[in-house]
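Listing of upload_35.cif, mmCIF, C-alpha atoms
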```cif
data_work
loop_
_atom_site.group_PDB
_atom_site.id
_atom_site.type_symbol
_atom_site.label_atom_id
_atom_site.label_comp_id
_atom_site.auth_asym_id
_atom_site.auth_seq_id
_atom_site.Cartn_x
_atom_site.Cartn_y
_atom_site.Cartn_z
ATOM 1 C CA SER A 1 98.847 95.035 116.655
ATOM 2 C CA LEU A 2 97.641 96.147 120.059
ATOM 3 C CA VAL A 3 101.147 95.396 121.341
ATOM 4 C CA GLY A 4 102.277 98.620 119.670
ATOM 5 C CA LEU A 5 99.753 100.596 121.738
ATOM 6 C CA VAL A 6 100.717 99.092 125.107
ATOM 7 C CA PRO A 7 103.582 101.623 125.666
ATOM 8 C CA LEU A 8 100.845 104.219 126.234
ATOM 9 C CA PHE A 9 99.984 102.493 129.501
ATOM 10 C CA ALA A 10 103.340 103.311 131.122
ATOM 11 C CA SER A 11 102.686 106.979 131.847
ATOM 12 C CA LEU A 12 102.384 109.163 134.914
ATOM 13 C CA THR A 13 101.927 112.903 135.322
ATOM 14 C CA VAL A 14 103.378 114.280 138.571
ATOM 15 C CA GLU A 15 102.077 117.658 139.713
ATOM 16 C CA ARG A 16 104.144 120.347 141.428
ATOM 17 C CA ASP A 17 102.346 120.007 144.771
ATOM 18 C CA THR A 18 102.977 116.249 144.741
ATOM 19 C CA MET A 19 106.697 116.819 144.185
ATOM 20 C CA GLN A 20 106.804 119.195 147.137
ATOM 21 C CA LYS A 21 105.387 116.484 149.402
ATOM 22 C CA LEU A 22 107.897 113.815 148.243
ATOM 23 C CA PRO A 23 111.450 115.067 148.834
ATOM 24 C CA GLU A 24 112.996 111.593 148.573
ATOM 25 C CA PHE A 25 111.299 110.944 145.243
ATOM 26 C CA ARG A 26 112.413 114.400 144.059
ATOM 27 C CA ARG A 27 115.991 113.575 145.040
ATOM 28 C CA LYS A 28 115.877 110.317 143.084
ATOM 29 C CA VAL A 29 114.529 112.084 139.974
ATOM 30 C CA ALA A 30 117.405 114.569 140.219
ATOM 31 C CA TRP A 31 119.882 111.681 140.536
ATOM 32 C CA PHE A 32 118.337 109.996 137.487
ATOM 33 C CA LEU A 33 118.679 113.146 135.392
ATOM 34 C CA LYS A 34 122.344 113.415 136.303
ATOM 35 C CA ASN A 35 123.317 109.761 136.033
ATOM 36 C CA ARG A 36 121.077 108.293 133.316
ATOM 37 C CA PRO A 37 121.115 110.931 130.563
ATOM 38 C CA GLU A 38 120.504 108.271 127.896
ATOM 39 C CA PHE A 39 116.956 107.804 129.258
ATOM 40 C CA THR A 40 115.963 111.392 129.944
ATOM 41 C CA GLN A 41 114.225 111.838 126.585
ATOM 42 C CA ASN A 42 111.376 109.877 128.152
ATOM 43 C CA ILE A 43 110.839 112.460 130.891
ATOM 44 C CA MET A 44 108.934 115.600 129.933
ATOM 45 C CA PHE A 45 108.869 118.735 132.085
ATOM 46 C CA MET A 46 106.439 121.635 131.921
ATOM 47 C CA LEU A 47 107.401 125.018 133.325
ATOM 48 C CA ASN A 48 105.194 128.013 133.990
ATOM 49 C CA GLU A 49 107.115 131.035 132.760
ATOM 50 C CA ASP A 50 105.435 134.438 132.619
ATOM 51 C CA SER A 51 102.031 132.685 132.560
ATOM 52 C CA GLU A 52 103.177 130.649 129.541
ATOM 53 C CA LEU A 53 103.530 126.868 129.713
ATOM 54 C CA ARG A 54 106.665 125.448 128.110
ATOM 55 C CA THR A 55 107.562 121.780 127.666
ATOM 56 C CA MET A 56 111.059 120.321 127.550
ATOM 57 C CA THR A 57 112.716 116.933 127.834
ATOM 58 C CA GLY A 58 114.679 115.880 130.888
ATOM 59 C CA ALA A 59 117.931 116.477 128.975
ATOM 60 C CA GLN A 60 116.870 120.017 128.032
ATOM 61 C CA PHE A 61 115.735 120.648 131.586
ATOM 62 C CA ASP A 62 119.072 119.475 132.979
ATOM 63 C CA GLU A 63 121.039 121.614 130.514
ATOM 64 C CA GLU A 64 119.030 124.772 131.149
ATOM 65 C CA PHE A 65 118.839 124.349 134.916
ATOM 66 C CA SER A 66 122.234 122.747 135.501
ATOM 67 C CA ASP A 67 122.963 125.228 138.272
ATOM 68 C CA LYS A 68 119.807 124.130 140.107
ATOM 69 C CA VAL A 69 119.801 120.402 139.451
ATOM 70 C CA ASP A 70 122.229 118.139 141.249
ATOM 71 C CA GLU A 71 122.004 114.677 142.784
ATOM 72 C CA GLU A 72 120.279 116.077 145.850
ATOM 73 C CA HIS A 73 118.047 118.778 144.449
ATOM 74 C CA LEU A 74 115.406 119.282 141.752
ATOM 75 C CA PRO A 75 113.446 122.523 141.287
ATOM 76 C CA VAL A 76 109.888 121.782 142.378
ATOM 77 C CA GLU A 77 108.191 124.424 140.234
ATOM 78 C CA ALA A 78 108.062 121.938 137.356
ATOM 79 C CA ARG A 79 105.264 119.504 136.559
ATOM 80 C CA PHE A 80 106.617 116.473 134.766
ATOM 81 C CA LEU A 81 105.543 113.453 132.800
ATOM 82 C CA LEU A 82 107.077 110.000 133.035
ATOM 83 C CA SER A 83 106.256 107.951 129.945
ATOM 84 C CA ILE A 84 107.746 105.564 127.425
ATOM 85 C CA PRO A 85 106.731 107.584 124.305
ATOM 86 C CA ASN A 86 107.903 111.175 124.026
ATOM 87 C CA GLU A 87 105.663 113.800 122.431
ATOM 88 C CA HIS A 88 106.711 112.969 118.868
ATOM 89 C CA GLN A 89 106.322 109.224 119.407
ATOM 90 C CA LEU A 90 102.965 109.724 121.127
ATOM 91 C CA ARG A 91 101.634 111.595 118.127
ATOM 92 C CA ARG A 92 102.814 108.845 115.741
ATOM 93 C CA ILE A 93 101.175 106.129 117.871
ATOM 94 C CA LEU A 94 97.882 108.013 118.068
ATOM 95 C CA GLU A 95 97.802 108.773 114.342
ATOM 96 C CA ASN A 96 97.736 105.017 113.739
ATOM 97 C CA MET A 97 95.402 104.203 116.636
ATOM 98 C CA LEU A 98 92.829 106.800 115.578
ATOM 99 C CA ASP A 99 92.837 105.749 111.900
ATOM 100 C CA GLU A 100 89.485 104.136 111.038
ATOM 101 C CA ASN A 101 91.224 101.995 108.430
ATOM 102 C CA LYS A 102 93.544 100.609 111.117
ATOM 103 C CA PHE A 103 92.612 100.489 114.812
ATOM 104 C CA LEU A 104 89.642 102.815 115.354
ATOM 105 C CA SER A 105 86.361 100.959 114.796
ATOM 106 C CA PRO A 106 82.755 102.161 115.245
ATOM 107 C CA PHE A 107 82.758 100.400 118.638
ATOM 108 C CA GLY A 108 86.235 101.005 120.054
ATOM 109 C CA ILE A 109 89.886 100.172 119.447
ATOM 110 C CA ARG A 110 90.636 96.972 117.519
ATOM 111 C CA SER A 111 93.258 94.540 118.810
ATOM 112 C CA LEU A 112 94.763 94.238 115.308
ATOM 113 C CA SER A 113 94.835 96.762 112.480
ATOM 114 C CA ARG A 114 92.232 96.247 109.777
ATOM 115 C CA GLU A 115 95.040 96.669 107.255
ATOM 116 C CA TYR A 116 95.795 92.978 107.832
ATOM 117 C CA GLU A 117 92.447 92.035 106.288
ATOM 118 C CA ASN A 118 93.779 92.464 102.756
ATOM 119 C CA HIS A 119 97.481 92.377 103.580
ATOM 120 C CA PRO A 120 98.049 89.639 106.177
ATOM 121 C CA PHE A 121 101.433 89.081 107.779
ATOM 122 C CA LYS A 122 102.949 85.871 106.365
ATOM 123 C CA PHE A 123 105.749 83.770 107.774
ATOM 124 C CA ASN A 124 107.592 80.871 106.144
ATOM 125 C CA ASP A 125 109.415 78.605 108.586
ATOM 126 C CA GLY A 126 111.918 77.485 105.926
ATOM 127 C CA HIS A 127 110.649 73.902 105.982
ATOM 128 C CA GLY A 128 107.645 74.257 103.732
ATOM 129 C CA GLY A 129 105.309 75.586 106.385
ATOM 130 C CA GLU A 130 103.648 78.949 105.799
ATOM 131 C CA TYR A 131 101.667 80.788 108.438
ATOM 132 C CA GLU A 132 99.759 84.045 108.381
ATOM 133 C CA VAL A 133 98.195 86.574 110.725
ATOM 134 C CA ARG A 134 95.047 88.038 109.199
ATOM 135 C CA TYR A 135 92.537 90.560 110.544
ATOM 136 C CA LEU A 136 89.848 88.318 111.995
ATOM 137 C CA PRO A 137 87.045 90.140 113.839
ATOM 138 C CA GLY A 138 84.906 87.916 116.030
ATOM 139 C CA GLU A 139 85.686 84.301 116.799
ATOM 140 C CA SER A 140 88.901 82.554 115.795
ATOM 141 C CA ASP A 141 88.958 80.427 112.642
ATOM 142 C CA SER A 142 91.233 77.843 114.278
ATOM 143 C CA GLY A 143 91.199 75.650 117.358
ATOM 144 C CA MET A 144 93.779 77.811 119.097
ATOM 145 C CA PHE A 145 92.553 78.893 122.578
ATOM 146 C CA GLY A 146 89.521 76.654 122.127
ATOM 147 C CA GLY A 147 88.439 78.381 118.923
ATOM 148 C CA ASN A 148 86.304 80.939 120.746
ATOM 149 C CA SER A 149 88.877 83.619 121.511
ATOM 150 C CA SER A 150 90.468 86.070 119.140
ATOM 151 C CA TRP A 151 92.979 88.885 119.512
ATOM 152 C CA ARG A 152 93.193 89.380 115.756
ATOM 153 C CA GLY A 153 90.950 92.420 115.580
ATOM 154 C CA SER A 154 88.316 91.980 118.276
ATOM 155 C CA ILE A 155 87.595 94.665 120.869
ATOM 156 C CA TRP A 156 88.675 93.831 124.424
ATOM 157 C CA MET A 157 87.290 96.050 127.163
ATOM 158 C CA PRO A 158 90.277 95.983 129.591
ATOM 159 C CA MET A 159 92.700 97.058 126.868
ATOM 160 C CA ASN A 160 90.417 99.826 125.654
ATOM 161 C CA TYR A 161 89.927 100.953 129.237
ATOM 162 C CA SER A 162 93.696 101.084 129.795
ATOM 163 C CA ILE A 163 94.126 103.181 126.635
ATOM 164 C CA ILE A 164 91.455 105.614 127.810
ATOM 165 C CA ARG A 165 93.004 106.008 131.275
ATOM 166 C CA ALA A 166 96.398 106.642 129.651
ATOM 167 C CA LEU A 167 94.919 109.383 127.462
ATOM 168 C CA TYR A 168 93.528 111.133 130.533
ATOM 169 C CA ARG A 169 96.950 110.977 132.218
ATOM 170 C CA PHE A 170 98.659 112.442 129.154
ATOM 171 C CA ASN A 171 96.032 115.173 129.012
ATOM 172 C CA MET A 172 96.808 116.162 132.612
ATOM 173 C CA PHE A 173 100.261 117.084 131.355
ATOM 174 C CA TYR A 174 99.666 118.458 127.859
ATOM 175 C CA GLY A 175 96.136 119.890 128.085
ATOM 176 C CA ASP A 176 95.199 121.880 124.995
ATOM 177 C CA ARG A 177 98.845 122.103 123.943
ATOM 178 C CA PHE A 178 98.437 118.656 122.388
ATOM 179 C CA LYS A 179 95.609 118.206 119.895
ATOM 180 C CA ILE A 180 95.171 115.518 117.280
ATOM 181 C CA ALA A 181 92.699 114.726 114.496
ATOM 182 C CA PHE A 182 89.850 112.425 115.495
ATOM 183 C CA PRO A 183 89.556 110.347 113.419
ATOM 184 C CA THR A 184 92.920 110.539 111.656
ATOM 185 C CA GLY A 185 92.681 112.548 108.450
ATOM 186 C CA SER A 186 89.729 114.653 109.595
ATOM 187 C CA ASN A 187 89.669 118.331 110.555
ATOM 188 C CA ASN A 188 88.211 117.503 113.972
ATOM 189 C CA MET A 189 91.055 118.477 116.313
ATOM 190 C CA LEU A 190 90.636 117.295 119.924
ATOM 191 C CA ASN A 191 92.768 117.276 123.038
ATOM 192 C CA LEU A 192 93.501 113.879 124.591
ATOM 193 C CA ALA A 193 90.719 114.021 127.191
ATOM 194 C CA GLU A 194 88.239 114.683 124.407
ATOM 195 C CA VAL A 195 89.691 111.780 122.399
ATOM 196 C CA ALA A 196 89.261 109.527 125.457
ATOM 197 C CA LEU A 197 85.608 110.572 125.701
ATOM 198 C CA GLU A 198 84.957 109.850 122.024
ATOM 199 C CA ILE A 199 86.455 106.349 122.322
ATOM 200 C CA SER A 200 84.362 105.794 125.466
ATOM 201 C CA LYS A 201 81.204 106.762 123.575
ATOM 202 C CA ARG A 202 81.972 104.212 120.865
ATOM 203 C CA LEU A 203 82.380 101.474 123.490
ATOM 204 C CA ILE A 204 79.168 102.502 125.258
ATOM 205 C CA LYS A 205 77.326 102.285 121.941
ATOM 206 C CA ILE A 206 77.827 98.488 122.068
ATOM 207 C CA PHE A 207 75.275 98.267 124.893
ATOM 208 C CA VAL A 208 72.891 101.124 124.101
ATOM 209 C CA LYS A 209 69.479 100.570 122.485
ATOM 210 C CA ASP A 210 68.931 101.861 118.992
ATOM 211 C CA PRO A 211 66.286 104.610 119.429
ATOM 212 C CA ASN A 212 64.295 103.313 116.452
ATOM 213 C CA THR A 213 64.456 99.531 116.949
ATOM 214 C CA ASN A 214 65.327 99.163 120.672
ATOM 215 C CA GLU A 215 68.023 96.687 119.594
ATOM 216 C CA ARG A 216 71.422 96.540 121.296
ATOM 217 C CA PRO A 217 74.471 95.748 119.098
ATOM 218 C CA CYS A 218 75.916 93.436 121.783
ATOM 219 C CA HIS A 219 73.061 90.952 121.313
ATOM 220 C CA GLY A 220 74.162 90.219 117.752
ATOM 221 C CA PRO A 221 71.845 87.880 115.797
ATOM 222 C CA PHE A 222 69.450 87.717 118.765
ATOM 223 C CA LYS A 223 69.003 91.458 119.161
ATOM 224 C CA GLN A 224 65.528 91.460 117.596
ATOM 225 C CA ARG A 225 64.373 88.767 120.016
ATOM 226 C CA TYR A 226 65.691 90.673 123.021
ATOM 227 C CA ALA A 227 64.178 93.945 121.798
ATOM 228 C CA ALA A 228 60.720 92.406 121.274
ATOM 229 C CA ASP A 229 60.419 90.589 124.613
ATOM 230 C CA GLU A 230 59.630 92.797 127.627
ATOM 231 C CA SER A 231 61.060 90.184 129.965
ATOM 232 C CA TRP A 232 64.451 90.172 128.262
ATOM 233 C CA ARG A 233 64.910 93.532 126.555
ATOM 234 C CA ASP A 234 66.886 94.976 129.493
ATOM 235 C CA LEU A 235 69.095 91.921 130.015
ATOM 236 C CA VAL A 236 72.630 92.990 129.047
ATOM 237 C CA TYR A 237 75.438 90.445 129.131
ATOM 238 C CA CYS A 238 79.078 91.287 129.912
ATOM 239 C CA TYR A 239 80.557 89.469 126.933
ATOM 240 C CA GLU A 240 84.230 88.514 126.870
ATOM 241 C CA TYR A 241 85.075 90.567 123.780
ATOM 242 C CA PHE A 242 83.268 92.226 120.870
ATOM 243 C CA HIS A 243 83.110 92.271 117.088
ATOM 244 C CA PRO A 244 84.651 95.607 115.983
ATOM 245 C CA GLU A 245 82.416 96.085 112.949
ATOM 246 C CA THR A 246 79.014 95.175 114.438
ATOM 247 C CA GLY A 247 79.451 95.415 118.209
ATOM 248 C CA ARG A 248 78.271 91.815 118.625
ATOM 249 C CA GLY A 249 79.271 90.174 121.887
ATOM 250 C CA CYS A 250 81.608 87.169 121.563
ATOM 251 C CA GLY A 251 83.016 84.497 123.842
ATOM 252 C CA SER A 252 81.809 84.081 127.403
ATOM 253 C CA GLU A 253 78.679 85.978 128.462
ATOM 254 C CA ASN A 254 79.667 86.540 132.106
ATOM 255 C CA GLN A 255 82.963 88.442 131.976
ATOM 256 C CA THR A 256 81.980 90.965 134.633
ATOM 257 C CA GLY A 257 85.607 90.925 135.816
ATOM 258 C CA TRP A 258 86.522 93.315 133.009
ATOM 259 C CA THR A 259 83.589 94.125 130.737
ATOM 260 C CA ALA A 260 81.763 95.718 133.690
ATOM 261 C CA LEU A 261 84.335 98.521 133.334
ATOM 262 C CA ILE A 262 81.803 99.980 130.911
ATOM 263 C CA ALA A 263 80.003 101.358 134.002
ATOM 264 C CA ASN A 264 83.069 103.479 134.803
ATOM 265 C CA LEU A 265 83.175 104.757 131.222
ATOM 266 C CA ILE A 266 79.497 105.739 131.350
ATOM 267 C CA ASP A 267 80.279 107.743 134.492
ATOM 268 C CA ASP A 268 83.339 109.289 132.810
ATOM 269 C CA VAL A 269 81.279 110.454 129.848
ATOM 270 C CA ALA A 270 78.691 112.050 132.140
ATOM 271 C CA VAL A 271 81.470 113.899 133.997
ATOM 272 C CA GLY A 272 83.432 114.580 130.824
ATOM 273 C CA GLU A 273 80.621 116.211 128.886
ATOM 274 C CA SER A 274 80.285 118.741 131.693
ATOM 275 C CA TYR A 275 84.076 119.189 131.734
ATOM 276 C CA VAL A 276 84.333 119.834 127.984
ATOM 277 C CA LYS A 277 81.669 122.516 128.233
ATOM 278 C CA SER A 278 83.320 124.234 131.216
ATOM 279 C CA ALA A 279 86.784 123.896 129.653
ATOM 280 C CA LYS A 280 85.593 125.609 126.475
ATOM 281 C CA GLU A 281 84.136 128.444 128.515
ATOM 282 C CA SER A 282 87.393 128.695 130.474
ATOM 283 C CA ARG A 283 89.506 128.738 127.306
ATOM 284 C CA ASP A 284 87.361 131.565 125.983
ATOM 285 C CA LYS A 285 88.267 133.455 129.171
ATOM 286 C CA GLY A 286 91.950 132.529 128.922
ATOM 287 C CA VAL A 287 91.882 130.049 131.804
ATOM 288 C CA ARG A 288 93.445 126.578 131.540
ATOM 289 C CA VAL A 289 91.448 123.675 132.974
ATOM 290 C CA SER A 290 92.729 120.113 133.415
ATOM 291 C CA MET A 291 90.333 117.193 133.401
ATOM 292 C CA ARG A 292 90.790 115.061 136.499
ATOM 293 C CA MET A 293 88.982 111.769 136.603
ATOM 294 C CA SER A 294 88.164 110.027 139.883
ATOM 295 C CA ARG A 295 90.115 106.903 138.886
ATOM 296 C CA PRO A 296 93.786 106.582 137.848
#
```

So that I can check it, write out the structure of this file as structure tokens.
Amino acid sequence: SLVGLVPLFASLTVERDTMQKLPEFRRKVAWFLKNRPEFTQNIMFMLNEDSELRTMTGAQFDEEFSDKVDEEHLPVEARFLLSIPNEHQLRRILENMLDENKFLSPFGIRSLSREYENHPFKFNDGHGGEYEVRYLPGESDSGMFGGNSSWRGSIWMPMNYSIIRALYRFNMFYGDRFKIAFPTGSNNMLNLAEVALEISKRLIKIFVKDPNTNERPCHGPFKQRYAADESWRDLVYCYEYFHPETGRGCGSENQTGWTALIANLIDDVAVGESYVKSAKESRDKGVRVSMRMSRP
């Protein structure tokens, strides 16, 4: 379920110039490396050596630079990443998240893998009661949460937004050193900023008019009515959540508190398309460019 993707959210890339400005934070990182070695696999460092970028875990960093790292000092020439998943774990998470038969839908990231459609999770309480969790896009089939809310496959904007922001943060650290197939199983290898843009485009597609019919997927069974009426064709609701297979809006129609985040994603895509073009030109010239979004 989406719970398995939440560890992506706990990530932070710290640049060299930031470390130079925060001596107390630098001291505490050095203390952590020395005194909590069991957790240092979750810290990744990147060093610039002879114009080559090299990554290593906190444990490797400590071992190689033991003469420079003590409880009061940490070399500041290193950029580092604080995150729950290490590089290997990150790749495993993303391979599942970007699988169109699991989490990746035409309109964003599902809250439950589509694998549960034909293979639901079943639980027997030992007293004759059997329960199951099945992939259920759209509204719930039970009275739980009022019957109009579902986390069993539906697309939720705040969770998708958090995934996208996390991908940008990871990309600030890894850049083009980390590429993954999008979607899983394809030959389309993208860095994590490019993956974030592709997911954003799928979410934006929920609200965009079809060029041939002028219909918006979010309007669901009423999309023809909205498309045909000049007074209503540009009325776009901020639905609570969305059907992952059709893009239909579900639940409340006025969830501007989180669905309005789509405006930020539209801005990101406009900025990102320009970035991808300039980054490609820079790579051709042997220059590394990091995508920096205006929001964390």

Report, in Å with one decimal, the straight-line distance from CA of Glu100 (chain A) to CA of Arg152 (chain A). 15.9 Å

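Across the model, the gap from CA of Val195 (chain A) to CA of Tyr168 (chain A) is 9.0 Å.
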
I'd like the contact shell of region 105-117 of chain A - 9 Å cut-off, all atoms listed in the file, skipping same-chain residues fewer than 2 positions apart - returned as a ChimeraX atom specification. /A:1-3,96-103,119-121,133-137,150-157,159-160,163,199-206,242-247

On this structure, which residues satisfy the PyMOL selection byres ((chain A and resi 237) around 10), written as a ChimeraX atom specification? /A:207,218-219,234-236,238-240,249,252-256,259-260

Students should find that CA of Arg165 (chain A) and CA of Glu15 (chain A) are spaced 17.0 Å

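The nearest approach to Leu81 (chain A) among the residues A:Lys209, A:Ala166, A:Phe222, A:Leu190, with all atoms listed in the file taken into account, belongs to A:Ala166.
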